[in-house]
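Enquirer: One file: data13.txt (compact mmCIF, C-alpha atoms).
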```
# COMPACT_ATOMS: atom_id res chain seq x y z
CA MET A 625 202.26 348.60 195.21
CA ASN A 626 204.13 345.47 196.26
CA ARG A 627 205.45 343.86 193.10
CA PRO A 628 208.52 341.78 192.58
CA GLU A 629 211.12 343.45 190.41
CA THR A 630 210.59 340.93 187.61
CA PRO A 631 207.04 339.62 187.70
CA SER A 632 206.15 337.06 185.12
CA PHE A 633 202.35 337.04 185.48
CA ALA A 634 199.71 339.73 185.10
CA LEU A 635 195.98 339.33 185.65
CA LEU A 636 193.85 341.03 182.99
CA ILE A 637 190.22 341.78 183.88
CA ILE A 638 188.33 342.70 180.73
CA ASP A 639 185.09 344.72 180.47
CA MET A 640 183.68 343.77 183.88
CA ILE A 641 182.42 347.33 184.31
CA ASN A 642 179.57 347.08 181.87
CA ASP A 643 176.04 348.42 181.51
CA PHE A 644 174.77 345.23 179.80
CA ASP A 645 172.43 347.46 177.81
CA PHE A 646 172.51 345.70 174.43
CA ASN A 647 171.03 342.67 172.66
CA TYR A 648 171.60 339.60 174.83
CA GLY A 649 172.94 341.83 177.62
CA ASN A 650 170.63 340.22 180.15
CA MET A 651 172.01 336.78 179.21
CA LEU A 652 175.59 338.04 179.49
CA LEU A 653 174.82 339.64 182.86
CA ALA A 654 173.41 336.36 184.21
CA ASN A 655 176.54 334.48 183.09
CA THR A 656 178.84 337.26 184.33
CA LYS A 657 177.45 336.94 187.85
CA LEU A 658 178.77 333.35 187.88
CA ILE A 659 182.39 334.40 187.26
CA VAL A 660 182.72 337.21 189.81
CA ASP A 661 183.70 334.99 192.76
CA PRO A 662 186.33 333.00 190.83
CA ILE A 663 187.85 336.23 189.46
CA LEU A 664 187.94 337.80 192.92
CA LYS A 665 189.60 334.70 194.37
CA LEU A 666 192.20 334.71 191.60
CA LYS A 667 192.70 338.46 192.02
CA LYS A 668 193.36 337.99 195.74
CA GLN A 669 195.93 335.25 195.05
CA MET A 670 197.68 337.36 192.43
CA LYS A 671 197.77 340.39 194.68
CA GLU A 672 199.21 338.34 197.57
CA LYS A 673 202.01 337.22 195.24
CA GLY A 674 202.69 340.81 194.17
CA PHE A 675 201.63 340.40 190.54
CA PRO A 676 199.96 343.27 188.70
CA ILE A 677 196.19 343.48 188.26
CA ILE A 678 195.20 345.28 185.06
CA TYR A 679 191.63 346.22 184.19
CA ILE A 680 190.94 346.98 180.55
CA ASN A 681 187.50 348.34 179.83
CA ASP A 682 185.32 349.86 177.14
CA HIS A 683 185.28 353.66 177.46
CA TYR A 684 181.50 354.25 177.02
CA ASP A 685 182.18 357.42 174.99
CA LEU A 686 183.87 359.08 177.96
CA TRP A 687 187.37 358.53 176.57
CA GLN A 688 188.85 358.94 180.05
CA ALA A 689 190.68 356.22 181.94
CA ASP A 690 188.71 357.13 185.06
CA PHE A 691 187.03 354.03 186.41
CA ASP A 692 184.80 356.01 188.78
CA LYS A 693 183.28 357.92 185.84
CA ILE A 694 182.82 354.73 183.84
CA ILE A 695 181.23 353.03 186.86
CA ASP A 696 178.82 355.96 187.27
CA LYS A 697 177.86 355.74 183.60
CA CYS A 698 177.40 351.95 183.62
CA LYS A 699 175.83 351.27 187.00
CA ASN A 700 172.16 350.33 187.00
CA GLU A 701 169.74 348.26 189.04
CA GLY A 702 170.77 344.99 187.40
CA ASN A 703 174.55 345.32 187.71
CA ALA A 704 175.20 347.59 190.74
CA SER A 705 176.13 344.85 193.20
CA LEU A 706 178.33 343.10 190.63
CA ILE A 707 180.22 346.32 189.84
CA GLU A 708 180.69 347.16 193.51
CA ARG A 709 182.30 343.77 194.11
CA ILE A 710 184.57 343.68 191.06
CA LYS A 711 185.56 347.33 190.61
CA PRO A 712 189.26 348.23 190.51
CA GLN A 713 191.14 349.39 193.57
CA GLN A 714 193.38 352.46 193.57
CA ASP A 715 196.57 350.34 193.49
CA GLU A 716 195.52 348.51 190.31
CA PHE A 717 195.97 349.53 186.71
CA PHE A 718 193.02 350.70 184.61
CA LEU A 719 193.11 351.20 180.84
CA ILE A 720 190.35 352.00 178.38
CA LYS A 721 190.06 350.39 174.97
CA PRO A 722 188.36 351.63 171.81
CA LYS A 723 187.57 348.21 170.30
CA HIS A 724 187.37 344.55 171.23
CA SER A 725 191.01 343.67 171.93
CA ALA A 726 192.69 344.99 175.07
CA PHE A 727 195.79 345.58 172.94
CA TYR A 728 194.21 347.59 170.14
CA GLY A 729 194.76 351.32 170.62
CA THR A 730 195.94 350.96 174.23
CA ALA A 731 199.19 351.12 176.19
CA LEU A 732 198.77 347.53 177.40
CA ASN A 733 201.73 346.00 175.56
CA THR A 734 204.03 348.82 176.69
CA LEU A 735 202.84 348.43 180.30
CA LEU A 736 203.34 344.65 180.22
CA LYS A 737 206.86 345.04 178.86
CA ARG A 738 207.63 347.64 181.53
CA LEU A 739 206.41 345.18 184.19
CA ASN A 740 208.45 342.33 182.66
CA VAL A 741 205.36 340.19 182.18
CA ASP A 742 205.56 337.08 180.01
CA THR A 743 202.37 335.24 181.04
CA LEU A 744 198.85 336.65 180.96
CA ILE A 745 195.89 335.39 182.92
CA ILE A 746 192.93 336.70 180.97
CA THR A 747 189.50 336.98 182.61
CA GLY A 748 186.28 338.88 181.98
CA ILE A 749 183.63 339.30 179.30
CA ALA A 750 182.66 338.65 176.58
CA GLY A 751 184.60 335.42 176.23
CA ASN A 752 183.76 334.96 172.58
CA ILE A 753 184.58 338.53 171.60
CA CYS A 754 186.80 340.75 173.77
CA VAL A 755 188.54 337.96 175.69
CA LEU A 756 189.10 335.92 172.52
CA PHE A 757 190.41 338.91 170.54
CA THR A 758 192.69 339.92 173.43
CA ALA A 759 194.02 336.38 173.72
CA ASN A 760 194.66 336.29 169.97
CA ASP A 761 196.60 339.57 170.09
CA ALA A 762 198.54 338.38 173.15
CA TYR A 763 199.43 335.13 171.39
CA MET A 764 200.73 337.07 168.37
CA ARG A 765 202.91 339.06 170.79
CA GLU A 766 204.26 335.76 172.18
CA TYR A 767 202.78 335.93 175.68
CA LYS A 768 202.01 332.67 177.42
CA LEU A 769 198.28 332.43 178.10
CA TRP A 770 196.04 331.14 180.83
CA ILE A 771 192.33 331.77 180.37
CA PRO A 772 190.62 330.15 183.37
CA LYS A 773 187.38 328.61 182.12
CA ASP A 774 185.56 329.65 185.29
CA CYS A 775 186.65 333.29 184.86
CA ILE A 776 185.19 334.21 181.46
CA ALA A 777 181.59 334.58 180.35
CA SER A 778 179.75 335.02 177.06
CA ALA A 779 176.06 335.55 176.38
CA SER A 780 175.59 331.84 175.66
CA LYS A 781 177.34 328.83 177.12
CA GLU A 782 177.87 327.49 173.59
CA ASP A 783 179.71 330.65 172.51
CA ASN A 784 181.81 330.54 175.67
CA HIS A 785 182.69 326.86 175.14
CA TYR A 786 183.65 327.55 171.51
CA ALA A 787 185.87 330.50 172.51
CA LEU A 788 187.62 328.40 175.17
CA LYS A 789 188.16 325.60 172.68
CA MET A 790 189.68 328.03 170.17
CA MET A 791 191.94 329.65 172.76
CA ASN A 792 193.11 326.25 173.99
CA HIS A 793 193.65 324.58 170.61
CA VAL A 794 194.74 327.49 168.41
CA LEU A 795 196.35 329.92 170.87
CA LYS A 796 197.86 327.21 173.11
CA ALA A 797 196.20 328.74 176.18
CA SER A 798 195.71 326.79 179.37
CA ILE A 799 192.04 326.86 180.32
CA LYS A 800 192.33 325.20 183.73
CA GLN A 801 190.08 326.74 186.36
CA GLY A 802 191.25 329.71 188.41
CA GLU A 803 191.23 327.67 191.60
CA ASP A 804 193.95 325.47 190.08
CA MET A 805 196.57 328.24 190.38
```
Would you mind writing the file's structure down as structure tokens?
Expert:
Amino acid sequence: MNRPETPSFALLIIDMINDFDFNYGNMLLANTKLIVDPILKLKKQMKEKGFPIIYINDHYDLWQADFDKIIDKCKNEGNASLIERIKPQQDEFFLIKPKHSAFYGTALNTLLKRLNVDTLIITGIAGNICVLFTANDAYMREYKLWIPKDCIASASKEDNHYALKMMNHVLKASIKQGEDM
């Protein structure tokens, strides 16, 4: 993979491989479809600059960091096209997480230190849960944060707006859109 020796940015893509089979899952799926294009555009820009792309995803009781198996378990009629577009490539990192934060119980912090990353661009779902908790844990670890407001989704727009406001005001995250890179 083409990466500079000392990258400063990493793109985190959280929980985009998802079955949406839960309360309000249909609402989250509808809002998730709106963020796929901005995430893919940002991903392309990051890849062109040689910065790491790191997917962190729920494990769906498989407990294997095998994105093909997780895709097979999650894919359904409602999300198949979304997953096909956003799924990780072989040259990208893929970690599983046991709880909401991408840092909790994962090797993410160790990987980021190994890659010399100091700034995280956090994207994905759910903005008011997994993205917010990841941003909080990143802030406590002193990473600089950018959470593009057009690259996260929650079940409701109100929850998403509240999460963005919290990340901006409390965690000092930039929330400028992904196209503003």
Enquirer: One number please: CA of Arg765 (chain A) to CA of Phe633 (chain A), in Å, one decimal.
Expert: 14.8 Å
Enquirer: Which neighbours of Asp645 (chain A) fall inside 12 Å, counting only C-alpha atoms, when residues of the same chain fewer than 2 positions from it are skipped, and could you give them as a ChimeraX atom specification?
Expert: /A:641-643,647-653,684,697-703
Enquirer: Please report the interatomic distance between CA of Lys657 (chain A) and CA of Tyr786 (chain A) in Å with one decimal.
Expert: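 Distance between the two atoms: 19.8 Å.
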Enquirer: Provide the CA of Asp783 (chain A) to CA of Asn752 (chain A) distance in Å, to one decimal place.
Expert: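 Atom-to-atom, CA of Asp783 (chain A) to CA of Asn752 (chain A), that is 5.9 Å.
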Enquirer: Within 8 Å of Leu788 (chain A), counting all atoms listed in the file, which residues qualify if same-chain residues fewer than 6 places away don't, as an MDAnalysis selection string?
Expert: chainID A and resid 751 771 773 799
Enquirer: Please write the residues from the selection above to a file, keeping C-alpha atoms, as a PDB file, in the frame of the given file.
Expert:
```pdb
ATOM      1  CA  GLY A 751     184.600 335.420 176.230  1.00  0.00           C
ATOM      2  CA  ILE A 771     192.330 331.770 180.370  1.00  0.00           C
ATOM      3  CA  LYS A 773     187.380 328.610 182.120  1.00  0.00           C
ATOM      4  CA  ILE A 799     192.040 326.860 180.320  1.00  0.00           C
TER       5      ILE A 799
END
```
Enquirer: Which polymer residues have any atom within 6 Å of an atom of region 718-720 of chain A, counting all atoms listed in the file, with same-chain residues fewer than 4 positions away left out, as a PyMOL selection string?
Expert: chain A and resi 678-683+689
Enquirer: Which neighbours of Leu769 (chain A) fall inside 7 Å, counting only C-alpha atoms, when residues of the same chain fewer than 6 positions from it are skipped, and could you give them as a list of chain:residue names?
Expert: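 Near Leu769 (chain A), the qualifying residues are A:Thr743, A:Leu744, A:Ile745, A:Ala797, A:Ser798.
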Enquirer: Quick one: residues within 12 Å of Trp770 (chain A), only C-alpha atoms, excluding same-chain residues fewer than 2 positions away - as an mmCIF file with C-alpha atoms, in the coordinates of the input?
Expert:
```
data_model
loop_
_atom_site.group_PDB
_atom_site.id
_atom_site.type_symbol
_atom_site.label_atom_id
_atom_site.label_comp_id
_atom_site.auth_asym_id
_atom_site.auth_seq_id
_atom_site.Cartn_x
_atom_site.Cartn_y
_atom_site.Cartn_z
ATOM 1 C CA PHE A 633 202.350 337.040 185.480
ATOM 2 C CA ALA A 634 199.710 339.730 185.100
ATOM 3 C CA LEU A 635 195.980 339.330 185.650
ATOM 4 C CA LEU A 636 193.850 341.030 182.990
ATOM 5 C CA LEU A 666 192.200 334.710 191.600
ATOM 6 C CA ASP A 742 205.560 337.080 180.010
ATOM 7 C CA THR A 743 202.370 335.240 181.040
ATOM 8 C CA LEU A 744 198.850 336.650 180.960
ATOM 9 C CA ILE A 745 195.890 335.390 182.920
ATOM 10 C CA ILE A 746 192.930 336.700 180.970
ATOM 11 C CA THR A 747 189.500 336.980 182.610
ATOM 12 C CA VAL A 755 188.540 337.960 175.690
ATOM 13 C CA LEU A 756 189.100 335.920 172.520
ATOM 14 C CA THR A 758 192.690 339.920 173.430
ATOM 15 C CA ALA A 759 194.020 336.380 173.720
ATOM 16 C CA ALA A 762 198.540 338.380 173.150
ATOM 17 C CA TYR A 763 199.430 335.130 171.390
ATOM 18 C CA TYR A 767 202.780 335.930 175.680
ATOM 19 C CA LYS A 768 202.010 332.670 177.420
ATOM 20 C CA PRO A 772 190.620 330.150 183.370
ATOM 21 C CA LYS A 773 187.380 328.610 182.120
ATOM 22 C CA ASP A 774 185.560 329.650 185.290
ATOM 23 C CA CYS A 775 186.650 333.290 184.860
ATOM 24 C CA ILE A 776 185.190 334.210 181.460
ATOM 25 C CA LEU A 788 187.620 328.400 175.170
ATOM 26 C CA MET A 791 191.940 329.650 172.760
ATOM 27 C CA ASN A 792 193.110 326.250 173.990
ATOM 28 C CA LEU A 795 196.350 329.920 170.870
ATOM 29 C CA LYS A 796 197.860 327.210 173.110
ATOM 30 C CA ALA A 797 196.200 328.740 176.180
ATOM 31 C CA SER A 798 195.710 326.790 179.370
ATOM 32 C CA ILE A 799 192.040 326.860 180.320
ATOM 33 C CA LYS A 800 192.330 325.200 183.730
ATOM 34 C CA GLN A 801 190.080 326.740 186.360
ATOM 35 C CA GLY A 802 191.250 329.710 188.410
ATOM 36 C CA ASP A 804 193.950 325.470 190.080
ATOM 37 C CA MET A 805 196.570 328.240 190.380
#
```
Enquirer: So, with only C-alpha atoms as the atoms that count, which of A:Ser632, A:Gln688, A:Asn740, A:Ser705 lies closest to Pro722 (chain A)?
Expert: A:Gln688
Enquirer: Pick out the closest residue to Lys711 (chain A) from this set: A:Ala726, A:Ala654, A:Leu686, A:Ile637. Count only C-alpha atoms.
Expert: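 The shortest atom-to-atom distance to Lys711 (chain A) comes from A:Ile637.
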Enquirer: Of the candidates A:Leu732, A:Met640, A:Val660, A:Ile749, which one gets nearest to Ile695 (chain A) if we count all atoms listed in the file?
Expert: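 Comparing A:Leu732, A:Met640, A:Val660, A:Ile749 against Ile695 (chain A), the winner is A:Met640.
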Enquirer: Calculated over only C-alpha atoms, which of the candidates A:Trp687, A:Phe646, A:Ile707, A:Ala750 has the smallest distance to Lys781 (chain A)?
Expert: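 That would be A:Ala750, the residue with the smallest distance to Lys781 (chain A).
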Enquirer: Restricting the calculation to all atoms listed in the file: of A:Ala787, A:Ile710, A:Ala731, A:Ala704, which residue gets closest to Ile663 (chain A)?
Expert: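 Looking only at the distances to Ile663 (chain A), the closest residue turns out to be A:Ile710.
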